[in-house]
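Below is the file input_16.pdb, which contains PDB, C-alpha atoms and all ligand atoms.
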MODEL        1
ATOM      1  CA  MET B   1       0.000   0.000   0.000
ATOM      2  CA  ALA B   2       1.216   3.488  -0.856
ATOM      3  CA  ILE B   3       2.756   5.532   1.959
ATOM      4  CA  LYS B   4       0.812   8.719   2.709
ATOM      5  CA  ILE B   5       3.260  11.584   2.862
ATOM      6  CA  TYR B   6       3.017  15.244   3.684
ATOM      7  CA  ALA B   7       5.990  17.574   3.156
ATOM      8  CA  PHE B   8       6.657  20.980   4.660
ATOM      9  CA  GLY B   9       8.781  22.731   2.050
ATOM     10  CA  GLY B  10       8.541  21.683  -1.557
ATOM     11  CA  GLY B  11      12.056  22.662  -2.624
ATOM     12  CA  GLN B  12      14.634  20.906  -4.762
ATOM     13  CA  MET B  13      15.428  18.046  -2.398
ATOM     14  CA  VAL B  14      11.854  17.208  -1.449
ATOM     15  CA  GLU B  15      10.900  17.249  -5.126
ATOM     16  CA  ALA B  16      13.752  14.884  -6.013
ATOM     17  CA  MET B  17      12.798  12.431  -3.242
ATOM     18  CA  LEU B  18       9.083  12.482  -4.039
ATOM     19  CA  ARG B  19       9.690  12.174  -7.787
ATOM     20  CA  ALA B  20      11.686   8.963  -7.243
ATOM     21  CA  ALA B  21       9.148   7.523  -4.755
ATOM     22  CA  LEU B  22       6.309   8.306  -7.178
ATOM     23  CA  LYS B  23       8.157   6.589 -10.029
ATOM     24  CA  LYS B  24       8.675   3.482  -7.852
ATOM     25  CA  GLY B  25       4.984   3.478  -6.832
ATOM     26  CA  ILE B  26       5.824   3.890  -3.123
ATOM     27  CA  ILE B  27       3.633   6.999  -2.974
ATOM     28  CA  LYS B  28       0.626   8.157  -4.974
ATOM     29  CA  ALA B  29       0.078  11.733  -6.142
ATOM     30  CA  GLU B  30      -3.415  11.864  -4.618
ATOM     31  CA  THR B  31      -2.135  10.997  -1.131
ATOM     32  CA  THR B  32       1.028  13.103  -1.286
ATOM     33  CA  GLY B  33       0.628  16.582   0.154
ATOM     34  CA  VAL B  34       3.115  19.428   0.055
ATOM     35  CA  THR B  35       2.974  22.872   1.547
ATOM     36  CA  ASP B  36       5.328  25.555   0.342
ATOM     37  CA  ILE B  37       5.223  29.280   1.014
ATOM     38  CA  SER B  38       6.111  29.948  -2.623
ATOM     39  CA  ALA B  39       3.094  30.056  -4.970
ATOM     40  CA  ASP B  40       5.386  29.234  -7.898
ATOM     41  CA  ARG B  41       6.539  25.999  -6.228
ATOM     42  CA  VAL B  42       2.951  25.053  -5.368
ATOM     43  CA  ASN B  43       1.850  25.542  -8.984
ATOM     44  CA  TYR B  44       4.871  23.726 -10.326
ATOM     45  CA  LEU B  45       4.430  20.675  -8.042
ATOM     46  CA  THR B  46       0.714  20.510  -8.817
ATOM     47  CA  ASP B  47       1.149  20.857 -12.582
ATOM     48  CA  THR B  48       4.162  18.549 -12.885
ATOM     49  CA  TYR B  49       3.304  15.705 -10.495
ATOM     50  CA  HIS B  50      -0.341  16.324  -9.500
ATOM     51  CA  PHE B  51       0.687  16.393  -5.827
ATOM     52  CA  GLN B  52      -1.796  17.947  -3.388
ATOM     53  CA  ALA B  53       0.197  21.153  -2.992
ATOM     54  CA  SER B  54      -0.888  24.358  -1.262
ATOM     55  CA  GLN B  55       0.577  27.460   0.337
ATOM     56  CA  GLN B  56      -1.253  26.740   3.599
ATOM     57  CA  PRO B  57      -0.877  23.391   5.390
ATOM     58  CA  ASP B  58      -3.768  20.982   4.874
ATOM     59  CA  TRP B  59      -4.226  19.640   8.419
ATOM     60  CA  THR B  60      -6.704  16.938   7.436
ATOM     61  CA  ALA B  61      -4.115  15.455   5.075
ATOM     62  CA  ILE B  62      -1.298  15.967   7.584
ATOM     63  CA  THR B  63      -3.024  14.134  10.422
ATOM     64  CA  ALA B  64      -3.846  11.265   8.031
ATOM     65  CA  ALA B  65      -0.234  10.991   6.793
ATOM     66  CA  ASP B  66       2.113   8.089   7.678
ATOM     67  CA  LEU B  67       5.109  10.357   7.326
ATOM     68  CA  VAL B  68       5.662  14.098   7.558
ATOM     69  CA  ILE B  69       8.793  15.438   5.893
ATOM     70  CA  LEU B  70      10.474  18.573   7.190
ATOM     71  CA  GLY B  71      12.019  19.836   3.954
ATOM     72  CA  VAL B  72      12.747  23.456   4.792
ATOM     73  CA  ARG B  73      16.158  25.081   5.304
ATOM     74  CA  PRO B  74      17.959  25.481   8.661
ATOM     75  CA  GLN B  75      17.216  29.218   8.751
ATOM     76  CA  ASP B  76      13.476  28.673   8.155
ATOM     77  CA  ASP B  77      11.038  28.461  11.063
ATOM     78  CA  TRP B  78      11.073  24.672  11.505
ATOM     79  CA  GLN B  79      10.327  25.080  15.217
ATOM     80  CA  GLN B  80       6.958  26.624  14.427
ATOM     81  CA  ILE B  81       6.178  23.685  12.121
ATOM     82  CA  MET B  82       6.963  21.246  14.948
ATOM     83  CA  LYS B  83       4.787  23.212  17.365
ATOM     84  CA  GLU B  84       1.876  23.102  14.929
ATOM     85  CA  LEU B  85       2.307  19.351  14.477
ATOM     86  CA  VAL B  86       2.031  19.007  18.260
ATOM     87  CA  ASN B  87      -0.989  21.328  18.407
ATOM     88  CA  HIS B  88      -2.772  19.306  15.732
ATOM     89  CA  ASP B  89      -2.014  16.000  17.491
ATOM     90  CA  TYR B  90       0.020  14.566  14.641
ATOM     91  CA  ALA B  91       0.979  11.091  15.861
ATOM     92  CA  LYS B  92       3.087   9.325  13.206
ATOM     93  CA  ASP B  93       6.641   9.705  11.885
ATOM     94  CA  VAL B  94       8.583  12.907  11.242
ATOM     95  CA  LEU B  95      11.456  12.750   8.756
ATOM     96  CA  SER B  96      13.756  15.761   8.722
ATOM     97  CA  ILE B  97      16.172  16.653   5.929
ATOM     98  CA  ILE B  98      17.035  20.009   7.516
ATOM     99  CA  ALA B  99      20.801  20.332   7.512
ATOM    100  CA  GLY B 100      22.381  20.877  10.916
ATOM    101  CA  VAL B 101      19.244  20.411  13.043
ATOM    102  CA  THR B 102      19.793  17.493  15.420
ATOM    103  CA  VAL B 103      17.307  14.812  16.484
ATOM    104  CA  LYS B 104      17.591  16.226  20.007
ATOM    105  CA  GLN B 105      16.697  19.740  18.826
ATOM    106  CA  LEU B 106      13.730  18.390  16.871
ATOM    107  CA  ALA B 107      12.603  16.281  19.821
ATOM    108  CA  SER B 108      12.873  19.279  22.155
ATOM    109  CA  GLN B 109       9.744  20.572  20.430
ATOM    110  CA  ALA B 110       7.924  17.254  20.738
ATOM    111  CA  ASP B 111       9.577  14.508  22.765
ATOM    112  CA  ARG B 112       6.806  11.992  22.041
ATOM    113  CA  PHE B 113       7.448  12.148  18.270
ATOM    114  CA  ALA B 114       8.982   9.405  16.174
ATOM    115  CA  ILE B 115      11.847  11.310  14.574
ATOM    116  CA  THR B 116      14.280  10.382  11.844
ATOM    117  CA  ARG B 117      16.916  12.755  10.566
ATOM    118  CA  ILE B 118      18.514  12.074   7.209
ATOM    119  CA  ILE B 119      21.082  13.545   4.921
ATOM    120  CA  PRO B 120      19.470  12.470   1.682
ATOM    121  CA  ASN B 121      21.454  11.030  -1.120
ATOM    122  CA  THR B 122      21.120  13.247  -4.210
ATOM    123  CA  LEU B 123      21.323  10.548  -6.913
ATOM    124  CA  THR B 124      17.601   9.983  -6.435
ATOM    125  CA  ASP B 125      16.743   9.662 -10.130
ATOM    126  CA  VAL B 126      18.928   6.573 -10.489
ATOM    127  CA  ALA B 127      17.954   5.355  -6.980
ATOM    128  CA  MET B 128      21.616   4.828  -6.068
ATOM    129  CA  GLY B 129      23.815   6.236  -3.328
ATOM    130  CA  TYR B 130      23.429   6.153   0.446
ATOM    131  CA  SER B 131      21.340   8.440   2.614
ATOM    132  CA  GLY B 132      22.802   8.921   6.105
ATOM    133  CA  VAL B 133      20.104   8.100   8.638
ATOM    134  CA  VAL B 134      19.730   8.800  12.389
ATOM    135  CA  LYS B 135      16.513   7.835  14.144
ATOM    136  CA  ASN B 136      15.099   7.783  17.640
ATOM    137  CA  ASP B 137      13.565   4.675  19.213
ATOM    138  CA  ARG B 138      10.008   5.526  18.218
ATOM    139  CA  ALA B 139      10.672   5.775  14.466
ATOM    140  CA  ASN B 140       8.811   3.317  12.256
ATOM    141  CA  GLN B 141      11.769   1.700  10.522
ATOM    142  CA  THR B 142       9.617  -0.191   7.989
ATOM    143  CA  VAL B 143       7.944   2.938   6.633
ATOM    144  CA  ILE B 144      11.137   4.981   6.718
ATOM    145  CA  GLU B 145      13.169   2.340   4.873
ATOM    146  CA  GLU B 146      10.498   1.723   2.253
ATOM    147  CA  PHE B 147      10.474   5.423   1.449
ATOM    148  CA  LEU B 148      14.259   5.920   1.561
ATOM    149  CA  ASN B 149      14.978   2.804  -0.476
ATOM    150  CA  SER B 150      12.840   4.202  -3.299
ATOM    151  CA  PHE B 151      15.587   6.723  -4.043
ATOM    152  CA  GLY B 152      18.763   5.006  -2.832
ATOM    153  CA  LYS B 153      20.225   3.002   0.008
ATOM    154  CA  VAL B 154      20.094   3.445   3.771
ATOM    155  CA  ASP B 155      23.171   3.838   5.976
ATOM    156  CA  TYR B 156      22.377   4.119   9.701
ATOM    157  CA  ILE B 157      25.096   6.228  11.254
ATOM    158  CA  ASP B 158      25.947   7.934  14.496
ATOM    159  CA  GLU B 159      24.699  11.517  14.438
ATOM    160  CA  SER B 160      28.210  12.793  15.192
ATOM    161  CA  LEU B 161      29.219  11.553  11.718
ATOM    162  CA  LEU B 162      26.440  13.310   9.774
ATOM    163  CA  ASP B 163      28.531  16.351   8.786
ATOM    164  CA  VAL B 164      31.290  14.086   7.513
ATOM    165  CA  PHE B 165      28.676  11.997   5.728
ATOM    166  CA  THR B 166      27.403  15.159   4.004
ATOM    167  CA  GLY B 167      30.758  16.570   2.900
ATOM    168  CA  TYR B 168      32.141  13.179   1.924
ATOM    169  CA  GLY B 169      29.281  10.858   0.966
ATOM    170  CA  VAL B 170      26.467  13.096  -0.205
ATOM    171  CA  ALA B 171      28.860  15.480  -1.981
ATOM    172  CA  GLY B 172      30.550  12.319  -3.327
ATOM    173  CA  PRO B 173      29.199  12.482  -6.881
ATOM    174  CA  ASN B 174      30.844  15.918  -7.283
ATOM    175  CA  TYR B 175      34.301  14.446  -6.719
ATOM    176  CA  ILE B 176      33.549  11.678  -9.209
ATOM    177  CA  TYR B 177      32.262  14.141 -11.837
ATOM    178  CA  ASN B 178      35.478  16.112 -11.444
ATOM    179  CA  PHE B 179      37.563  12.981 -11.864
ATOM    180  CA  LEU B 180      35.606  12.060 -14.985
ATOM    181  CA  ILE B 181      36.186  15.505 -16.515
ATOM    182  CA  SER B 182      39.922  15.470 -15.727
ATOM    183  CA  PHE B 183      40.347  11.919 -17.002
ATOM    184  CA  THR B 184      38.448  12.686 -20.210
ATOM    185  CA  ASN B 185      40.493  15.848 -20.763
ATOM    186  CA  ALA B 186      43.652  13.811 -20.281
ATOM    187  CA  GLY B 187      42.550  11.494 -23.078
ATOM    188  CA  VAL B 188      41.757  14.456 -25.336
ATOM    189  CA  LEU B 189      45.108  16.047 -24.515
ATOM    190  CA  ALA B 190      46.804  12.825 -25.554
ATOM    191  CA  GLY B 191      44.992  12.976 -28.920
ATOM    192  CA  MET B 192      41.788  10.971 -28.449
ATOM    193  CA  PRO B 193      38.481  12.390 -29.794
ATOM    194  CA  ARG B 194      36.398  13.717 -26.852
ATOM    195  CA  GLN B 195      33.404  11.449 -27.365
ATOM    196  CA  GLN B 196      35.567   8.350 -27.388
ATOM    197  CA  ALA B 197      37.614   9.574 -24.392
ATOM    198  CA  ASN B 198      34.379  10.142 -22.484
ATOM    199  CA  LYS B 199      33.115   6.657 -23.363
ATOM    200  CA  LEU B 200      36.362   5.015 -22.202
ATOM    201  CA  ALA B 201      36.491   7.076 -19.003
ATOM    202  CA  LEU B 202      32.963   6.125 -18.009
ATOM    203  CA  GLU B 203      33.477   2.443 -18.804
ATOM    204  CA  ASN B 204      36.760   2.370 -16.850
ATOM    205  CA  LEU B 205      35.058   3.988 -13.876
ATOM    206  CA  ARG B 206      32.188   1.518 -13.922
ATOM    207  CA  ALA B 207      34.409  -1.516 -14.544
ATOM    208  CA  ALA B 208      37.036  -0.573 -11.930
ATOM    209  CA  ALA B 209      34.295  -0.094  -9.290
ATOM    210  CA  ALA B 210      32.748  -3.456 -10.219
ATOM    211  CA  PHE B 211      36.155  -5.174 -10.086
ATOM    212  CA  VAL B 212      37.004  -3.757  -6.653
ATOM    213  CA  GLU B 213      33.604  -4.857  -5.391
ATOM    214  CA  GLN B 214      33.595  -8.332  -6.995
ATOM    215  CA  SER B 215      37.257  -9.240  -6.353
ATOM    216  CA  GLY B 216      37.146  -8.088  -2.718
ATOM    217  CA  LYS B 217      40.739  -6.933  -3.226
ATOM    218  CA  HIS B 218      42.172  -3.650  -1.982
ATOM    219  CA  PRO B 219      42.747  -1.219  -4.890
ATOM    220  CA  ALA B 220      46.472  -1.219  -4.011
ATOM    221  CA  GLU B 221      46.596  -4.962  -4.812
ATOM    222  CA  LEU B 222      44.958  -4.310  -8.182
ATOM    223  CA  LEU B 223      47.491  -1.551  -8.874
ATOM    224  CA  ASP B 224      50.332  -3.975  -8.077
ATOM    225  CA  ILE B 225      48.969  -6.333 -10.739
ATOM    226  CA  ASN B 226      48.651  -3.513 -13.324
ATOM    227  CA  ASN B 227      51.958  -1.770 -12.558
ATOM    228  CA  SER B 228      54.569  -4.158 -13.972
ATOM    229  CA  ALA B 229      58.314  -3.493 -13.876
ATOM    230  CA  GLY B 230      59.369  -0.511 -15.981
ATOM    231  CA  GLY B 231      55.968  -0.469 -17.662
ATOM    232  CA  VAL B 232      53.315   2.030 -18.689
ATOM    233  CA  GLY B 233      51.281   1.789 -15.494
ATOM    234  CA  ILE B 234      54.143   2.416 -13.054
ATOM    235  CA  THR B 235      55.291   5.388 -15.175
ATOM    236  CA  ALA B 236      51.863   7.004 -14.781
ATOM    237  CA  GLN B 237      51.839   6.019 -11.099
ATOM    238  CA  HIS B 238      55.108   7.884 -10.543
ATOM    239  CA  GLU B 239      53.585  11.108 -11.945
ATOM    240  CA  LEU B 240      50.435  10.710  -9.844
ATOM    241  CA  ASP B 241      52.520  10.117  -6.726
ATOM    242  CA  LYS B 242      54.484  13.339  -7.389
ATOM    243  CA  SER B 243      51.298  15.366  -7.957
ATOM    244  CA  SER B 244      48.736  16.813  -5.537
ATOM    245  CA  PHE B 245      46.116  14.315  -6.753
ATOM    246  CA  SER B 246      45.465  12.719  -3.333
ATOM    247  CA  ALA B 247      45.912  15.903  -1.296
ATOM    248  CA  GLY B 248      43.545  17.780  -3.640
ATOM    249  CA  ILE B 249      40.734  15.302  -3.011
ATOM    250  CA  GLU B 250      41.441  15.119   0.717
ATOM    251  CA  ASN B 251      41.483  18.912   1.078
ATOM    252  CA  ALA B 252      38.256  19.255  -0.912
ATOM    253  CA  VAL B 253      36.478  16.760   1.356
ATOM    254  CA  LEU B 254      37.754  18.483   4.516
ATOM    255  CA  ALA B 255      36.594  21.871   3.171
ATOM    256  CA  ALA B 256      33.154  20.416   2.335
ATOM    257  CA  VAL B 257      32.810  18.919   5.829
ATOM    258  CA  ASN B 258      33.821  22.223   7.449
ATOM    259  CA  ARG B 259      31.343  24.114   5.283
ATOM    260  CA  THR B 260      28.597  21.683   6.338
ATOM    261  CA  LYS B 261      29.412  22.438   9.978
ATOM    262  CA  GLU B 262      29.344  26.211   9.343
ATOM    263  CA  LEU B 263      25.968  26.001   7.600
ATOM    264  CA  GLY B 264      24.578  23.869  10.417
ATOM    265  CA  LYS B 265      25.290  26.702  12.846
ATOM    266  CA  GLN B 266      22.725  28.865  10.998
ATOM    267  CA  ASN B 267      19.855  26.725  12.205
ATOM    268  CA  LYS B 268      17.066  28.317  14.205
ATOM    269  CA  GLY B 269      17.576  25.998  17.136
ATOM    270  CA  ASP B 270      20.881  27.616  18.134
TER     271      ASP B 270
HETATM  272  N1  LIG N 301      19.357  20.207  -2.363
HETATM  273  C1  LIG N 301      20.122  19.223  -1.934
HETATM  274  O1  LIG N 301      20.839  18.580  -2.716
HETATM  275  C2  LIG N 301      20.162  18.812  -0.469
HETATM  276  C3  LIG N 301      20.855  17.652  -0.107
HETATM  277  C4  LIG N 301      20.861  17.246   1.219
HETATM  278  C5  LIG N 301      20.200  18.012   2.183
HETATM  279  N2  LIG N 301      19.543  19.153   1.813
HETATM  280  C6  LIG N 301      18.881  19.914   2.866
HETATM  281  O2  LIG N 301      17.501  19.900   2.663
HETATM  282  C7  LIG N 301      16.921  21.104   3.139
HETATM  283  C8  LIG N 301      16.115  21.727   2.008
HETATM  284  O3  LIG N 301      17.033  22.018   0.933
HETATM  285  P1  LIG N 301      16.563  22.327  -0.547
HETATM  286  O4  LIG N 301      17.793  22.400  -1.392
HETATM  287  O5  LIG N 301      15.479  21.419  -0.967
HETATM  288  O6  LIG N 301      16.039  23.835  -0.286
HETATM  289  P2  LIG N 301      14.967  24.680  -1.064
HETATM  290  O7  LIG N 301      14.895  24.263  -2.500
HETATM  291  O8  LIG N 301      15.249  26.122  -0.767
HETATM  292  O9  LIG N 301      13.591  24.222  -0.363
HETATM  293  C9  LIG N 301      13.057  24.739   0.797
HETATM  294  C10 LIG N 301      11.614  25.189   0.453
HETATM  295  O10 LIG N 301      10.866  25.333   1.649
HETATM  296  C11 LIG N 301      10.097  26.526   1.556
HETATM  297  N3  LIG N 301       9.747  26.949   2.912
HETATM  298  C12 LIG N 301      10.483  27.662   3.796
HETATM  299  N4  LIG N 301       9.818  27.794   4.981
HETATM  300  C13 LIG N 301       8.649  27.125   4.844
HETATM  301  C14 LIG N 301       7.539  26.874   5.711
HETATM  302  N5  LIG N 301       7.503  27.334   6.962
HETATM  303  N6  LIG N 301       6.495  26.156   5.237
HETATM  304  C15 LIG N 301       6.507  25.677   3.989
HETATM  305  N7  LIG N 301       7.529  25.895   3.101
HETATM  306  C16 LIG N 301       8.592  26.596   3.529
HETATM  307  C17 LIG N 301      11.007  27.460   0.790
HETATM  308  O11 LIG N 301      10.294  28.550   0.229
HETATM  309  P3  LIG N 301      11.089  29.942  -0.109
HETATM  310  O12 LIG N 301      12.182  29.601  -1.048
HETATM  311  O13 LIG N 301      10.028  30.801  -0.709
HETATM  312  O14 LIG N 301      11.604  30.445   1.213
HETATM  313  C18 LIG N 301      11.578  26.518  -0.289
HETATM  314  O15 LIG N 301      10.706  26.411  -1.397
HETATM  315  C19 LIG N 301      18.080  21.984   3.596
HETATM  316  O16 LIG N 301      18.250  21.887   4.987
HETATM  317  C20 LIG N 301      19.246  21.401   2.863
HETATM  318  O17 LIG N 301      20.473  21.624   3.503
HETATM  319  C21 LIG N 301      19.497  19.559   0.499
ENDMDL
END
As structure tokens, the full file:
Amino acid sequence: MAIKIYAFGGGQMVEAMLRAALKKGIIKAETTGVTDISADRVNYLTDTYHFQASQQPDWTAITAADLVILGVRPQDDWQQIMKELVNHDYAKDVLSIIAGVTVKQLASQADRFAITRIIPNTLTDVAMGYSGVVKNDRANQTVIEEFLNSFGKVDYIDESLLDVFTGYGVAGPNYIYNFLISFTNAGVLAGMPRQQANKLALENLRAAAAFVEQSGKHPAELLDINNSAGGVGITAQHELDKSSFSAGIENAVLAAVNRTKELGKQNKGD
């Protein structure tokens, strides 16, 4: 049976999650409500997906929902939304995607609530990638997982790791896109037509990931096999080792994690 969902905030991330769940048949447009203070978003979500969208919350739909999503930003008035949920006797699960707002802060508004906080994976349209998930004891794991699995995979983590999860895991595709661009450009620089370089880069990426996964071997072991004495592979390896390749990625991840922490401090609970 379809999960009845109601979302506060119909922005980019909520749209991406609901679009994937709708495609998988986990939710139905007629039992998916969204409230957004922007009339443009309300019209867009109604016209595009036929969701039950409105600028004012529909409390009949909210109290009938299995899951309420808090999809606003940290600086928005999420506390008021929680208070209204309490006032209207909402009794099921709350799923927050608000960056930087902890389960404890959410629960401080309503300690009887079933609360799950996630950092959603952004590869929702291909339903791949992990969402980082923290939940309290009351959360309905079956409903939460059914919804989250419609747009990716679930990784239960300690809340202290959520900022790292965001800057490393959820921002992860960005690092891969950058690698793909650099690798393709390298092929073009060496004289290969761009389309062909792009095709080879993508296939190598896919195949190398599959090989690491299927062989169970550490990538260093696979490099040892490929890098024979005085050969092509070890010559390239030498240049990579001399470059800032590893440090560049490491520094980018650390900067992304720090930025996540900074943004989290903007939340209304502090
Ligand atoms: N986008 C991502 O890839 C991503 C990934 C992981 C986590 N997140 C997190 O998810 C949260 C939402 O991000 P987003 O990118 O989806 O932001 P967004 O597109 O700006 O969506 C937030 C929406 O909520 C509306 N809103 C604000 N206060 C409201 C209220 N009280 N009631 C109803 N609607 C309200 C906003 O309207 P106005 O614009 O008119 O104010 C906006 O349309 C953030 O905490 C973000 O950090 C996002």
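Among B:Ala186, B:Val212, B:Phe51, B:Gly167, the residue with the shortest atom-to-atom distance to B:Leu254, counting only C-alpha atoms, is B:Gly167.
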Given the file shown, determine the residues that the PyMOL selection byres (((not hetatm)) within 8 of (chain N and resi 301)) selects; report them as a short mmCIF file (atom, residue, chain, number, x, y, z; two decimals) with C-alpha atoms, in the frame of the given file.
data_model
loop_
_atom_site.label_atom_id
_atom_site.label_comp_id
_atom_site.auth_asym_id
_atom_site.auth_seq_id
_atom_site.Cartn_x
_atom_site.Cartn_y
_atom_site.Cartn_z
CA PHE B 8 6.66 20.98 4.66
CA GLY B 9 8.78 22.73 2.05
CA GLY B 10 8.54 21.68 -1.56
CA GLY B 11 12.06 22.66 -2.62
CA GLN B 12 14.63 20.91 -4.76
CA MET B 13 15.43 18.05 -2.40
CA VAL B 14 11.85 17.21 -1.45
CA GLU B 15 10.90 17.25 -5.13
CA THR B 35 2.97 22.87 1.55
CA ASP B 36 5.33 25.56 0.34
CA ILE B 37 5.22 29.28 1.01
CA SER B 38 6.11 29.95 -2.62
CA ARG B 41 6.54 26.00 -6.23
CA GLN B 55 0.58 27.46 0.34
CA GLN B 56 -1.25 26.74 3.60
CA PRO B 57 -0.88 23.39 5.39
CA GLY B 71 12.02 19.84 3.95
CA VAL B 72 12.75 23.46 4.79
CA ARG B 73 16.16 25.08 5.30
CA PRO B 74 17.96 25.48 8.66
CA ASP B 76 13.48 28.67 8.15
CA ASP B 77 11.04 28.46 11.06
CA TRP B 78 11.07 24.67 11.50
CA GLN B 80 6.96 26.62 14.43
CA ILE B 81 6.18 23.68 12.12
CA ILE B 97 16.17 16.65 5.93
CA ILE B 98 17.04 20.01 7.52
CA ALA B 99 20.80 20.33 7.51
CA GLY B 100 22.38 20.88 10.92
CA ILE B 118 18.51 12.07 7.21
CA ILE B 119 21.08 13.54 4.92
CA PRO B 120 19.47 12.47 1.68
CA ASN B 121 21.45 11.03 -1.12
CA THR B 122 21.12 13.25 -4.21
CA THR B 166 27.40 15.16 4.00
CA VAL B 170 26.47 13.10 -0.20
#
Distance table requested - stretch 91-119 of chain B against stretch 135-143 of chain B, cut-off 7 Å, only C-alpha atoms: one row per qualifying residue with the closest atom pair and its distance in Å to one decimal, ordered by chain and rising residue number, as JSON lines.
{"residue": "B:Asp93", "atom": "CA", "partner": "B:Ala139", "partner_atom": "CA", "distance": 6.2}
{"residue": "B:Ala114", "atom": "CA", "partner": "B:Ala139", "partner_atom": "CA", "distance": 4.4}
{"residue": "B:Ile115", "atom": "CA", "partner": "B:Ala139", "partner_atom": "CA", "distance": 5.7}
{"residue": "B:Thr116", "atom": "CA", "partner": "B:Lys135", "partner_atom": "CA", "distance": 4.1}
{"residue": "B:Arg117", "atom": "CA", "partner": "B:Lys135", "partner_atom": "CA", "distance": 6.1}
Problem - Point (5.6, 15.3, 10.8), cut-off 9 Å, counting all atoms listed in the file, residues as a PyMOL selection string - result: chain B and resi 6-8+62-63+65-70+81-82+85+90-96+113-115
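The spacing separating atom CA of B:Asn178 from atom CA of B:Asp155 amounts to 24.6 Å.
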Practice task
Find, counting all atoms listed in the file, the residue in B:Glu145, B:Asp58, B:Asp158, B:Asp224 that gets nearest to B:Thr102.
Solution key: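 Selected residue with least distance to B:Thr102: B:Asp158.
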Problem - For atom CA of B:Gln214 and atom CA of B:Ala171, the interatomic separation in Å (one decimal) - result: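 One can read the atom CA of B:Gln214 to atom CA of B:Ala171 distance as 24.8 Å.
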Handout entry: Contacts of B:Thr31 within 10 Å, only C-alpha atoms, excl. fewer than 4 positions in-chain, as a ChimeraX atom specification
Key = /B:2-6,27,51-52,61,64-65
Go ahead and write the residues just picked, C-alpha atoms, as a tab-separated table (two decimals), keeping the file's coordinate frame.
chain	number	residue	atom	x	y	z
B	2	ALA	CA	1.22	3.49	-0.86
B	3	ILE	CA	2.76	5.53	1.96
B	4	LYS	CA	0.81	8.72	2.71
B	5	ILE	CA	3.26	11.58	2.86
B	6	TYR	CA	3.02	15.24	3.68
B	27	ILE	CA	3.63	7.00	-2.97
B	51	PHE	CA	0.69	16.39	-5.83
B	52	GLN	CA	-1.80	17.95	-3.39
B	61	ALA	CA	-4.12	15.46	5.08
B	64	ALA	CA	-3.85	11.26	8.03
B	65	ALA	CA	-0.23	10.99	6.79
Exercise for the section: Grab the atom CA of B:Leu222 to atom CA of B:Gly129 distance for me, in Å with one decimal place. Expected result: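 For atom CA of B:Leu222 relative to atom CA of B:Gly129, the distance reads 24.1 Å.
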Problem - Residue among B:Trp59, B:Tyr168, B:Phe151, B:Tyr44 lying closest to B:Met17, counting only C-alpha atoms - result: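 Closest to B:Met17 of all the choices is B:Phe151.
Among B:Thr48, B:Ala201, B:Asp163, B:Asp89, the residue with the shortest atom-to-atom distance to B:Glu262, counting only C-alpha atoms, is B:Asp163.
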Problem - the PyMOL selection byres (((chain B and resi 149) around 12) and not hetatm) applied to the shown file, residues as a VMD selection string - result: chain B and resid 17 to 18 20 to 21 24 to 26 120 to 121 123 to 133 141 to 148 150 to 155
Handout entry: Best match for closeness to B:Leu45 among B:Ile225, B:Ala29, B:Ala236, B:Ala209, counting all atoms listed in the file
Key =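 For B:Leu45, the nearest of the candidates is B:Ala29.
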If the box runs along x, y and z of the file and leaves 3 Å on each side of stretch 89-96 of chain B, what are its centre and edge lengths in Å, one decimal, as JSON?
{"center_x": 5.9, "center_y": 12.7, "center_z": 13.1, "size_x": 21.8, "size_y": 12.7, "size_z": 14.8}
Handout entry: Test item: the PyMOL selection byres (((chain B and resi 184) around 12) and not hetatm) resolved as an NGL selection string
Key = :B and (177-183 or 185-205)
Exercise for the section: Please identify all polymer residues within 9 Å of B:Lys83, counting all atoms listed in the file, omitting same-chain residues fewer than 5 positions from it, and present them as a ChimeraX atom specification. Expected result: /B:78,88,109-110
Can you sort out stretch 244-251 of chain B so it carries N, CA and C atoms, written as a PDB file, keeping the file's coordinate frame?
ATOM      1  N   SER B 244      49.593  16.559  -6.704  1.00  0.00           N
ATOM      2  CA  SER B 244      48.736  16.813  -5.537  1.00  0.00           C
ATOM      3  C   SER B 244      47.387  16.108  -5.691  1.00  0.00           C
ATOM      4  N   PHE B 245      47.352  15.057  -6.492  1.00  0.00           N
ATOM      5  CA  PHE B 245      46.116  14.315  -6.753  1.00  0.00           C
ATOM      6  C   PHE B 245      45.408  13.911  -5.454  1.00  0.00           C
ATOM      7  N   SER B 246      46.104  13.191  -4.570  1.00  0.00           N
ATOM      8  CA  SER B 246      45.465  12.719  -3.333  1.00  0.00           C
ATOM      9  C   SER B 246      45.150  13.878  -2.399  1.00  0.00           C
ATOM     10  N   ALA B 247      46.117  14.784  -2.225  1.00  0.00           N
ATOM     11  CA  ALA B 247      45.912  15.903  -1.296  1.00  0.00           C
ATOM     12  C   ALA B 247      44.763  16.783  -1.779  1.00  0.00           C
ATOM     13  N   GLY B 248      44.631  16.953  -3.091  1.00  0.00           N
ATOM     14  CA  GLY B 248      43.545  17.780  -3.640  1.00  0.00           C
ATOM     15  C   GLY B 248      42.185  17.230  -3.245  1.00  0.00           C
ATOM     16  N   ILE B 249      42.017  15.922  -3.369  1.00  0.00           N
ATOM     17  CA  ILE B 249      40.734  15.302  -3.011  1.00  0.00           C
ATOM     18  C   ILE B 249      40.519  15.395  -1.499  1.00  0.00           C
ATOM     19  N   GLU B 250      41.573  15.084  -0.753  1.00  0.00           N
ATOM     20  CA  GLU B 250      41.441  15.119   0.717  1.00  0.00           C
ATOM     21  C   GLU B 250      41.088  16.523   1.210  1.00  0.00           C
ATOM     22  N   ASN B 251      41.757  17.529   0.645  1.00  0.00           N
ATOM     23  CA  ASN B 251      41.483  18.912   1.078  1.00  0.00           C
ATOM     24  C   ASN B 251      40.063  19.333   0.701  1.00  0.00           C
TER      25      ASN B 251
END
